[in-house]
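Below is the file coords.cif, which contains mmCIF, C-alpha atoms.
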data_data
#
loop_
_atom_site.group_PDB
_atom_site.id
_atom_site.type_symbol
_atom_site.label_atom_id
_atom_site.label_comp_id
_atom_site.auth_asym_id
_atom_site.auth_seq_id
_atom_site.Cartn_x
_atom_site.Cartn_y
_atom_site.Cartn_z
ATOM 1 C CA MET P 1 -5.106 -4.238 -30.494
ATOM 2 C CA LYS P 2 -5.237 -7.045 -27.988
ATOM 3 C CA VAL P 3 -3.534 -6.704 -24.626
ATOM 4 C CA PRO P 4 -1.039 -9.585 -24.363
ATOM 5 C CA GLY P 5 -1.684 -12.199 -21.703
ATOM 6 C CA SER P 6 1.548 -11.501 -19.850
ATOM 7 C CA TYR P 7 0.202 -8.107 -18.760
ATOM 8 C CA TYR P 8 -2.759 -9.779 -17.084
ATOM 9 C CA LEU P 9 -0.373 -12.216 -15.415
ATOM 10 C CA VAL P 10 1.653 -9.351 -13.955
ATOM 11 C CA VAL P 11 -1.510 -7.696 -12.610
ATOM 12 C CA ALA P 12 -2.599 -11.010 -11.100
ATOM 13 C CA ALA P 13 0.807 -11.530 -9.478
ATOM 14 C CA ALA P 14 0.675 -8.014 -7.987
ATOM 15 C CA MET P 15 -2.838 -8.664 -6.636
ATOM 16 C CA PHE P 16 -1.696 -11.954 -5.125
ATOM 17 C CA CYS P 17 1.232 -10.295 -3.377
ATOM 18 C CA ILE P 18 -0.885 -7.442 -2.046
ATOM 19 C CA GLY P 19 -3.243 -10.047 -0.615
ATOM 20 C CA ALA P 20 -0.325 -11.938 0.926
ATOM 21 C CA ILE P 21 1.075 -8.768 2.509
ATOM 22 C CA GLY P 22 -2.354 -7.931 3.896
ATOM 23 C CA LEU P 23 -2.695 -11.398 5.342
ATOM 24 C CA LEU P 24 0.633 -10.913 7.121
ATOM 25 C CA ILE P 25 0.154 -7.409 8.507
ATOM 26 C CA ARG P 26 -3.544 -7.261 9.412
ATOM 27 C CA ARG P 27 -4.850 -8.422 12.780
ATOM 28 C CA ASN P 28 -8.602 -8.422 12.182
ATOM 29 C CA ALA P 29 -9.768 -11.909 11.210
ATOM 30 C CA LEU P 30 -12.398 -10.544 8.806
ATOM 31 C CA VAL P 31 -9.890 -8.409 6.925
ATOM 32 C CA MET P 32 -7.515 -11.362 6.764
ATOM 33 C CA PHE P 33 -10.364 -13.279 5.143
ATOM 34 C CA MET P 34 -10.826 -10.555 2.556
ATOM 35 C CA CYS P 35 -7.119 -10.774 1.760
ATOM 36 C CA VAL P 36 -7.518 -14.506 1.161
ATOM 37 C CA GLU P 37 -10.325 -13.647 -1.268
ATOM 38 C CA LEU P 38 -7.962 -11.250 -3.036
ATOM 39 C CA MET P 39 -5.403 -14.005 -3.479
ATOM 40 C CA LEU P 40 -8.053 -16.412 -4.765
ATOM 41 C CA ASN P 41 -9.180 -13.815 -7.287
ATOM 42 C CA ALA P 42 -5.649 -13.259 -8.490
ATOM 43 C CA VAL P 43 -5.334 -16.976 -9.128
ATOM 44 C CA ASN P 44 -8.663 -16.956 -10.970
ATOM 45 C CA LEU P 45 -7.410 -14.179 -13.207
ATOM 46 C CA THR P 46 -4.295 -16.233 -13.906
ATOM 47 C CA PHE P 47 -6.412 -19.249 -14.829
ATOM 48 C CA VAL P 48 -8.525 -17.252 -17.259
ATOM 49 C CA THR P 49 -5.446 -15.657 -18.797
ATOM 50 C CA PHE P 50 -3.799 -19.033 -19.372
ATOM 51 C CA ALA P 51 -7.068 -20.364 -20.765
ATOM 52 C CA ARG P 52 -6.831 -17.657 -23.391
ATOM 53 C CA MET P 53 -3.087 -17.979 -24.000
ATOM 54 C CA LEU P 54 -3.207 -21.762 -24.407
ATOM 55 C CA ASP P 55 -6.667 -21.631 -26.017
ATOM 56 C CA ASP P 56 -8.107 -24.250 -23.670
ATOM 57 C CA ILE P 57 -11.499 -24.062 -21.976
ATOM 58 C CA GLY P 58 -10.233 -26.169 -19.039
ATOM 59 C CA GLY P 59 -8.846 -23.083 -17.322
ATOM 60 C CA GLN P 60 -12.244 -21.431 -17.269
ATOM 61 C CA VAL P 61 -13.902 -24.582 -15.927
ATOM 62 C CA PHE P 62 -11.309 -24.656 -13.172
ATOM 63 C CA VAL P 63 -12.189 -21.085 -12.199
ATOM 64 C CA PHE P 64 -15.752 -22.301 -11.804
ATOM 65 C CA PHE P 65 -14.590 -24.898 -9.285
ATOM 66 C CA THR P 66 -12.451 -22.323 -7.501
ATOM 67 C CA LEU P 67 -15.505 -20.107 -7.098
ATOM 68 C CA VAL P 68 -17.433 -22.940 -5.470
ATOM 69 C CA VAL P 69 -14.563 -23.746 -3.118
ATOM 70 C CA ALA P 70 -14.221 -20.046 -2.241
ATOM 71 C CA ALA P 71 -17.929 -19.833 -1.433
ATOM 72 C CA ALA P 72 -17.710 -22.893 0.835
ATOM 73 C CA GLU P 73 -14.598 -21.488 2.488
ATOM 74 C CA VAL P 74 -16.271 -18.148 3.193
ATOM 75 C CA VAL P 75 -19.309 -19.844 4.694
ATOM 76 C CA ILE P 76 -17.210 -21.961 7.059
ATOM 77 C CA GLY P 77 -14.817 -19.136 7.899
ATOM 78 C CA LEU P 78 -17.533 -16.652 8.740
ATOM 79 C CA ALA P 79 -19.304 -19.260 10.875
ATOM 80 C CA LEU P 80 -16.033 -19.732 12.756
ATOM 81 C CA ILE P 81 -15.641 -15.972 13.230
ATOM 82 C CA VAL P 82 -19.212 -15.658 14.489
ATOM 83 C CA SER P 83 -18.692 -18.452 17.008
ATOM 84 C CA ILE P 84 -15.410 -16.846 18.148
ATOM 85 C CA PHE P 85 -17.229 -13.550 18.636
ATOM 86 C CA ARG P 86 -19.790 -15.213 20.845
ATOM 87 C CA ARG P 87 -17.046 -16.098 23.303
ATOM 88 C CA ARG P 88 -14.889 -12.979 23.296
ATOM 89 C CA GLN P 89 -14.966 -9.417 22.061
ATOM 90 C CA GLY P 90 -12.814 -8.612 19.056
ATOM 91 C CA ALA P 91 -11.549 -10.880 16.326
ATOM 92 C CA THR P 92 -7.873 -10.107 16.712
ATOM 93 C CA ALA P 93 -5.877 -13.045 15.492
ATOM 94 C CA ASP P 94 -3.228 -12.658 18.203
ATOM 95 C CA ASP P 95 -5.735 -13.357 20.971
ATOM 96 C CA LEU P 96 -6.704 -16.692 19.499
ATOM 97 C CA ASN P 97 -3.658 -18.610 20.624
ATOM 98 C CA VAL P 98 -5.227 -21.525 22.457
ATOM 99 C CA LEU P 99 -6.895 -24.509 20.863
ATOM 100 C CA ARG P 100 -9.477 -25.021 23.582
ATOM 101 C CA GLY P 101 -12.610 -22.936 23.686
ATOM 102 C CA MET G 102 -9.172 1.367 -26.732
ATOM 103 C CA GLU G 103 -8.562 -1.960 -25.094
ATOM 104 C CA TRP G 104 -5.343 -0.622 -23.615
ATOM 105 C CA VAL G 105 -7.216 2.300 -22.051
ATOM 106 C CA VAL G 106 -9.731 -0.068 -20.444
ATOM 107 C CA PHE G 107 -6.934 -2.340 -19.296
ATOM 108 C CA GLY G 108 -5.003 0.523 -17.724
ATOM 109 C CA LEU G 109 -8.045 1.963 -15.989
ATOM 110 C CA PHE G 110 -9.127 -1.313 -14.479
ATOM 111 C CA THR G 111 -5.595 -2.277 -13.543
ATOM 112 C CA LEU G 112 -5.488 0.895 -11.479
ATOM 113 C CA ALA G 113 -8.895 0.063 -10.024
ATOM 114 C CA ALA G 114 -7.967 -3.541 -9.212
ATOM 115 C CA LEU G 115 -4.656 -2.739 -7.566
ATOM 116 C CA GLY G 116 -6.040 0.332 -5.809
ATOM 117 C CA GLY G 117 -8.913 -1.702 -4.451
ATOM 118 C CA ALA G 118 -6.520 -4.421 -3.328
ATOM 119 C CA ALA G 119 -4.375 -1.857 -1.540
ATOM 120 C CA GLY G 120 -7.532 -0.392 -0.010
ATOM 121 C CA VAL G 121 -8.469 -3.772 1.452
ATOM 122 C CA VAL G 122 -5.100 -3.918 3.169
ATOM 123 C CA VAL G 123 -4.749 -0.353 4.435
ATOM 124 C CA ALA G 124 -8.350 0.556 5.329
ATOM 125 C CA ARG G 125 -8.787 0.933 9.076
ATOM 126 C CA ARG G 126 -12.430 -0.087 9.151
ATOM 127 C CA PRO G 127 -13.589 -3.515 7.930
ATOM 128 C CA VAL G 128 -16.522 -1.930 6.027
ATOM 129 C CA HIS G 129 -14.124 0.153 3.949
ATOM 130 C CA SER G 130 -12.091 -2.973 3.269
ATOM 131 C CA ALA G 131 -15.213 -4.727 2.013
ATOM 132 C CA MET G 132 -16.058 -1.812 -0.288
ATOM 133 C CA SER G 133 -12.528 -1.847 -1.720
ATOM 134 C CA LEU G 134 -12.892 -5.581 -2.226
ATOM 135 C CA VAL G 135 -15.995 -4.951 -4.360
ATOM 136 C CA LEU G 136 -13.968 -2.594 -6.551
ATOM 137 C CA THR G 137 -11.274 -5.209 -7.076
ATOM 138 C CA LEU G 138 -13.754 -7.999 -7.780
ATOM 139 C CA PHE G 139 -15.541 -5.868 -10.334
ATOM 140 C CA SER G 140 -12.270 -5.008 -12.047
ATOM 141 C CA VAL G 141 -11.395 -8.695 -12.256
ATOM 142 C CA ALA G 142 -14.815 -9.291 -13.829
ATOM 143 C CA VAL G 143 -13.937 -6.683 -16.462
ATOM 144 C CA PHE G 144 -10.661 -8.521 -17.113
ATOM 145 C CA PHE G 145 -12.678 -11.711 -17.584
ATOM 146 C CA VAL G 146 -14.869 -10.017 -20.183
ATOM 147 C CA MET G 147 -11.814 -8.688 -22.002
ATOM 148 C CA GLN G 148 -10.455 -12.215 -22.274
ATOM 149 C CA GLY G 149 -13.670 -13.776 -23.528
ATOM 150 C CA ALA G 150 -14.783 -15.451 -20.290
ATOM 151 C CA HIS G 151 -18.251 -13.937 -20.290
ATOM 152 C CA PHE G 152 -19.924 -16.571 -18.158
ATOM 153 C CA LEU G 153 -17.259 -16.301 -15.479
ATOM 154 C CA ALA G 154 -17.554 -12.521 -15.463
ATOM 155 C CA ALA G 155 -21.275 -12.802 -14.740
ATOM 156 C CA VAL G 156 -20.670 -15.416 -12.052
ATOM 157 C CA GLN G 157 -17.927 -13.251 -10.569
ATOM 158 C CA VAL G 158 -20.250 -10.286 -10.172
ATOM 159 C CA ILE G 159 -23.188 -12.346 -8.913
ATOM 160 C CA VAL G 160 -21.412 -14.730 -6.564
ATOM 161 C CA TYR G 161 -18.433 -12.677 -5.378
ATOM 162 C CA ALA G 162 -19.581 -9.072 -5.452
ATOM 163 C CA GLY G 163 -23.157 -10.094 -4.735
ATOM 164 C CA ALA G 164 -23.174 -12.971 -2.320
ATOM 165 C CA ILE G 165 -19.768 -13.175 -0.669
ATOM 166 C CA VAL G 166 -19.205 -9.471 0.015
ATOM 167 C CA VAL G 167 -22.780 -9.155 1.270
ATOM 168 C CA LEU G 168 -22.034 -12.050 3.601
ATOM 169 C CA PHE G 169 -18.962 -10.197 4.848
ATOM 170 C CA LEU G 170 -20.963 -7.010 5.413
ATOM 171 C CA PHE G 171 -23.668 -9.042 7.094
ATOM 172 C CA VAL G 172 -21.207 -10.435 9.630
ATOM 173 C CA ILE G 173 -19.571 -7.027 10.160
ATOM 174 C CA MET G 174 -22.874 -5.321 10.877
ATOM 175 C CA LEU G 175 -24.493 -8.219 12.718
ATOM 176 C CA LEU G 176 -21.628 -8.453 15.175
ATOM 177 C CA GLY G 177 -21.054 -4.713 15.380
ATOM 178 C CA ILE G 178 -17.287 -5.030 15.002
ATOM 179 C CA ASP G 179 -16.811 -1.944 12.909
ATOM 180 C CA GLN G 180 -14.306 -0.487 15.303
ATOM 181 C CA GLU G 181 -10.918 0.566 14.031
ATOM 182 C CA ASP G 182 -8.117 -1.917 13.968
ATOM 183 C CA ILE G 183 -5.501 -1.795 16.679
ATOM 184 C CA LEU G 184 -2.493 0.267 15.730
ATOM 185 C CA ASP G 185 0.148 -0.893 18.190
ATOM 186 C CA GLU G 186 1.997 -3.814 16.760
ATOM 187 C CA PRO G 187 2.818 -6.604 19.228
ATOM 188 C CA LEU G 188 5.739 -7.685 17.083
ATOM 189 C CA PRO G 189 7.514 -4.502 15.990
ATOM 190 C CA ALA G 190 9.445 -6.055 13.110
ATOM 191 C CA GLN G 191 6.491 -7.790 11.552
ATOM 192 C CA ARG G 192 5.066 -5.023 9.400
ATOM 193 C CA PRO G 193 8.247 -4.040 7.500
ATOM 194 C CA LEU G 194 9.264 -7.683 7.329
ATOM 195 C CA ALA G 195 5.895 -8.614 5.817
ATOM 196 C CA ILE G 196 6.248 -5.952 3.145
ATOM 197 C CA VAL G 197 9.775 -7.125 2.336
ATOM 198 C CA VAL G 198 8.580 -10.735 2.075
ATOM 199 C CA GLY G 199 5.642 -9.705 -0.123
ATOM 200 C CA VAL G 200 7.822 -7.731 -2.510
ATOM 201 C CA ALA G 201 10.287 -10.609 -2.626
ATOM 202 C CA LEU G 202 7.398 -12.940 -3.440
ATOM 203 C CA LEU G 203 6.306 -10.690 -6.285
ATOM 204 C CA ALA G 204 9.841 -10.480 -7.620
ATOM 205 C CA GLY G 205 10.211 -14.240 -7.436
ATOM 206 C CA VAL G 206 6.927 -14.894 -9.216
ATOM 207 C CA LEU G 207 7.769 -12.441 -11.989
ATOM 208 C CA LEU G 208 11.285 -13.842 -12.339
ATOM 209 C CA PHE G 209 10.038 -17.411 -12.665
ATOM 210 C CA ALA G 210 7.293 -16.339 -15.045
ATOM 211 C CA HIS G 211 9.948 -14.619 -17.137
ATOM 212 C CA ILE G 212 12.210 -17.674 -17.178
ATOM 213 C CA LEU G 213 9.569 -20.378 -17.586
ATOM 214 C CA GLN G 214 7.171 -19.896 -20.447
ATOM 215 C CA PRO G 215 3.764 -21.586 -20.258
ATOM 216 C CA THR G 216 3.834 -24.665 -22.401
ATOM 217 C CA GLY G 217 1.589 -27.611 -23.057
ATOM 218 C CA GLU G 218 -0.874 -28.800 -25.620
ATOM 219 C CA SER G 219 -3.510 -26.344 -26.707
ATOM 220 C CA ALA G 220 -7.232 -26.982 -26.655
ATOM 221 C CA VAL G 221 -7.028 -30.397 -25.017
ATOM 222 C CA ARG G 222 -10.449 -29.933 -23.437
ATOM 223 C CA GLY G 223 -11.928 -27.891 -26.208
ATOM 224 C CA SER G 224 -10.951 -24.532 -27.556
ATOM 225 C CA ALA G 225 -11.689 -21.361 -25.629
ATOM 226 C CA THR G 226 -11.833 -19.037 -28.607
ATOM 227 C CA GLN G 227 -11.932 -20.886 -31.924
ATOM 228 C CA GLY G 228 -15.237 -21.459 -33.669
ATOM 229 C CA ASP G 229 -18.468 -19.597 -33.017
ATOM 230 C CA LEU G 230 -19.852 -21.462 -29.998
ATOM 231 C CA PRO G 231 -20.895 -19.161 -27.146
ATOM 232 C CA ASN G 232 -18.741 -19.152 -24.046
ATOM 233 C CA VAL G 233 -21.442 -20.686 -21.855
ATOM 234 C CA GLU G 234 -21.828 -23.670 -24.172
ATOM 235 C CA ARG G 235 -18.101 -24.300 -24.219
ATOM 236 C CA ILE G 236 -17.947 -24.337 -20.418
ATOM 237 C CA ALA G 237 -21.067 -26.472 -20.136
ATOM 238 C CA THR G 238 -19.799 -29.029 -22.657
ATOM 239 C CA SER G 239 -16.543 -29.384 -20.786
ATOM 240 C CA LEU G 240 -18.171 -29.319 -17.355
ATOM 241 C CA PHE G 241 -20.705 -32.050 -18.073
ATOM 242 C CA THR G 242 -18.390 -34.366 -20.005
ATOM 243 C CA THR G 243 -14.729 -34.114 -19.002
ATOM 244 C CA PHE G 244 -15.283 -32.642 -15.552
ATOM 245 C CA LEU G 245 -18.487 -34.444 -14.586
ATOM 246 C CA TRP G 246 -17.000 -36.281 -11.601
ATOM 247 C CA PRO G 247 -15.333 -33.160 -10.093
ATOM 248 C CA PHE G 248 -18.619 -31.360 -10.612
ATOM 249 C CA GLU G 249 -20.493 -33.943 -8.554
ATOM 250 C CA ILE G 250 -17.806 -33.840 -5.848
ATOM 251 C CA THR G 251 -18.243 -30.062 -5.743
ATOM 252 C CA SER G 252 -21.930 -30.431 -4.976
ATOM 253 C CA ALA G 253 -21.009 -32.735 -2.087
ATOM 254 C CA LEU G 254 -18.556 -30.076 -0.872
ATOM 255 C CA LEU G 255 -21.297 -27.457 -0.848
ATOM 256 C CA VAL G 256 -23.599 -29.691 1.190
ATOM 257 C CA ILE G 257 -20.801 -30.384 3.663
ATOM 258 C CA ALA G 258 -20.092 -26.656 3.952
ATOM 259 C CA VAL G 259 -23.745 -25.880 4.683
ATOM 260 C CA VAL G 260 -23.939 -28.588 7.350
ATOM 261 C CA GLY G 261 -20.656 -27.383 8.851
ATOM 262 C CA ALA G 262 -21.853 -23.791 8.989
ATOM 263 C CA VAL G 263 -25.041 -24.844 10.773
ATOM 264 C CA VAL G 264 -23.086 -26.920 13.294
ATOM 265 C CA LEU G 265 -20.590 -24.112 13.934
ATOM 266 C CA ALA G 266 -23.110 -21.298 14.190
ATOM 267 C CA ARG G 267 -25.408 -23.259 16.505
ATOM 268 C CA ARG G 268 -25.072 -22.455 20.155
ATOM 269 C CA GLY G 269 -23.197 -25.044 22.181
ATOM 270 C CA ALA G 270 -24.803 -28.244 23.350
ATOM 271 C CA THR G 271 -25.084 -26.850 26.892
ATOM 272 C CA HIS G 272 -27.296 -24.022 25.651
ATOM 273 C CA PRO G 273 -29.722 -25.360 23.093
ATOM 274 C CA VAL G 274 -31.511 -22.782 21.002
ATOM 275 C CA ASP G 275 -34.907 -23.499 22.525
ATOM 276 C CA ASP G 276 -33.648 -23.025 26.094
ATOM 277 C CA HIS G 277 -32.097 -19.705 25.258
ATOM 278 C CA ILE G 278 -35.250 -18.322 23.707
ATOM 279 C CA GLY G 279 -37.316 -19.566 26.622
ATOM 280 C CA ALA G 280 -34.980 -17.851 29.121
ATOM 281 C CA ASP G 281 -35.014 -14.552 27.282
ATOM 282 C CA PRO G 282 -37.106 -12.090 29.326
ATOM 283 C CA GLY G 283 -38.243 -10.268 26.210
ATOM 284 C CA SER G 284 -39.961 -13.250 24.652
ATOM 285 C CA ASP G 285 -42.286 -14.428 27.400
ATOM 286 C CA GLU G 286 -45.350 -13.280 25.553
ATOM 287 C CA GLY G 287 -45.710 -16.497 23.640
ATOM 288 C CA PRO G 288 -45.151 -17.164 19.976
ATOM 289 C CA ALA G 289 -47.440 -14.344 18.890
ATOM 290 C CA ALA G 290 -44.903 -11.770 20.136
ATOM 291 C CA ALA G 291 -42.355 -13.120 17.689
ATOM 292 C CA LEU G 292 -44.845 -12.932 14.836
ATOM 293 C CA TYR G 293 -45.981 -9.375 15.575
ATOM 294 C CA PRO G 294 -43.001 -7.324 16.757
ATOM 295 C CA GLY G 295 -45.115 -4.218 17.120
ATOM 296 C CA GLY G 296 -47.273 -5.852 19.776
ATOM 297 C CA THR G 297 -49.850 -8.564 19.680
ATOM 298 C CA PRO G 298 -52.833 -7.494 17.613
ATOM 299 C CA ASP G 299 -56.076 -7.458 19.488
ATOM 300 C CA PRO G 300 -58.194 -10.514 18.823
ATOM 301 C CA PRO G 301 -61.444 -9.685 17.052
ATOM 302 C CA GLY G 302 -64.328 -9.041 19.408
ATOM 303 C CA GLU G 303 -62.304 -7.351 22.173
ATOM 304 C CA HIS G 304 -62.866 -3.804 20.982
ATOM 305 C CA GLU G 305 -66.436 -3.578 22.236
ATOM 306 C CA GLU G 306 -66.212 -1.985 25.658
#

Give the structure from this file in structure tokens form.
Amino acid sequence: MKVPGSYYLVVAAAMFCIGAIGLLIRRNALVMFMCVELMLNAVNLTFVTFARMLDDIGGQVFVFFTLVVAAAEVVIGLALIVSIFRRRQGATADDLNVLRG
Amino acid sequence: MEWVVFGLFTLAALGGAAGVVVARRPVHSAMSLVLTLFSVAVFFVMQGAHFLAAVQVIVYAGAIVVLFLFVIMLLGIDQEDILDEPLPAQRPLAIVVGVALLAGVLLFAHILQPTGESAVRGSATQGDLPNVERIATSLFTTFLWPFEITSALLVIAVVGAVVLARRGATHPVDDHIGADPGSDEGPAAALYPGGTPDPPGEHEE
């Protein structure tokens, strides 16, 4: 018996909210990044579920694009974190409150 | 059977997600992230998205998490997170906001049903085409222009990462290596970290 799509949607919504909570309460920039990845994955799961519910391959193609954007985002974000670490010890988000270097 | 798999991997996905948030060390967060990503890949398989499940494991669990671990270990920042909260109300407030967000999403999803035409860009399940061929047909016909834009985005991201990770213009890479006291033995020292091998003919005393 097939699991209905709404169950997957609830799991995806819970994952998204856990990621959002983590983004709000964590201070380490790397862990905040991982929480963003969690939220992206929840959205991907939603896309795939709707692709099945509406029987349309467009949702799966969109997940493909989301993966590429996530990869680009991780590359840029980690480069930013590395360059921040060169200047100061610790990647606590509260310390990074000035725009100049 | 499918319900058992769904329940197991729901537990794994949500447990991994919670582990990312509550783990004190970034390495443990990354490991929990792998668990969640793998569970999502299982959900993809259960819904017929076989190609995306493979890409999920290869790109996310393979490349992206390894990149995270690479940065964690390269920079040696595996110390525990600070415990004292600068803003005392933030942590409970964040949890309240997150739960409210979940409630709102579920409420709207309950009120508003997904509608729209089915199979506008090709069916996801009907017929006996493999999943990869369905995605490829759609990707290289309907979504050809976004696909090309995506390749441009990847090139821009690579160039941006190189620019960001380069040392500043005041300290070019060559200057820094030249000023490093450990590397004044010439280029051969970089090639042979265990010491420069003796040139042939110098062993005869």

Just need the residues of chain P within 6 Å of chain G, counting only C-alpha atoms, so spit them out as a PyMOL selection string. chain P and resi 17+21-22+24-25+54-58+72+76+79+83

Interatomic distance, atom CA of Ala20 of chain P to atom CA of Met39 of chain P (Å, one decimal):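 Here the two named atoms are 7.0 Å from each other.
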
Using only C-alpha atoms, which protein or nucleic acid residues come within 12 Å of Pro4 of chain P? Drop anything in the same chain fewer than 2 positions from it, and give the result as a PDB file with C-alpha atoms, in the coordinates of the input.
ATOM      1  CA  MET P   1      -5.106  -4.238 -30.494  1.00  0.00           C
ATOM      2  CA  LYS P   2      -5.237  -7.045 -27.988  1.00  0.00           C
ATOM      3  CA  SER P   6       1.548 -11.501 -19.850  1.00  0.00           C
ATOM      4  CA  TYR P   7       0.202  -8.107 -18.760  1.00  0.00           C
ATOM      5  CA  TYR P   8      -2.759  -9.779 -17.084  1.00  0.00           C
ATOM      6  CA  LEU P   9      -0.373 -12.216 -15.415  1.00  0.00           C
ATOM      7  CA  VAL P  10       1.653  -9.351 -13.955  1.00  0.00           C
ATOM      8  CA  VAL P  11      -1.510  -7.696 -12.610  1.00  0.00           C
ATOM      9  CA  THR P  49      -5.446 -15.657 -18.797  1.00  0.00           C
ATOM     10  CA  PHE P  50      -3.799 -19.033 -19.372  1.00  0.00           C
ATOM     11  CA  ARG P  52      -6.831 -17.657 -23.391  1.00  0.00           C
ATOM     12  CA  MET P  53      -3.087 -17.979 -24.000  1.00  0.00           C
TER      13      MET P  53
ATOM     14  CA  GLU G 103      -8.562  -1.960 -25.094  1.00  0.00           C
ATOM     15  CA  TRP G 104      -5.343  -0.622 -23.615  1.00  0.00           C
ATOM     16  CA  PHE G 107      -6.934  -2.340 -19.296  1.00  0.00           C
ATOM     17  CA  MET G 147     -11.814  -8.688 -22.002  1.00  0.00           C
ATOM     18  CA  GLN G 148     -10.455 -12.215 -22.274  1.00  0.00           C
TER      19      GLN G 148
END

Box time for segment 224-241 of chain G: axis-aligned, enclosing all its listed atoms, 4 Å extra on each side; report centre and edge lengths in Å to one decimal, as JSON.
{"center_x": -16.4, "center_y": -25.5, "center_z": -25.5, "size_x": 18.9, "size_y": 21.0, "size_z": 24.3}

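The neighbours of Phe47 of chain P here are the residues that come within 7 Å of it, using all atoms listed in the file and leaving out any residue fewer than 6 positions away in the same chain; they are Gly59, Gln60 and Val63 of chain P.
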
Quick one: pull the distance between atom CA of Leu38 of chain P and atom CA of Val135 of chain G, Å, one decimal.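 Separating atom CA of Leu38 of chain P from atom CA of Val135 of chain G is a distance of 10.3 Å.
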
Would you mind telling me which residue in P:Gly5, P:Ala12, P:Phe33, P:Arg26 lies nearest to Val75 of chain P when using all atoms listed in the file?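 Among the listed residues, P:Phe33 lies closest to Val75 of chain P.
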
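Going from atom CA of Leu188 of chain G over to atom CA of Ile18 of chain P, you cover 20.2 Å.
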
Counting only C-alpha atoms, the residue of P:Val69, P:Phe64, P:Val74, P:Ile84 that sits nearest Leu45 of chain P: P:Phe64

Just checking: using all atoms listed in the file, which residue out of P:Ala70, P:Leu23, P:Met32, P:Val61 ends up closest to Glu234 of chain G?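 Closest to Glu234 of chain G, using all atoms listed in the file: P:Val61.
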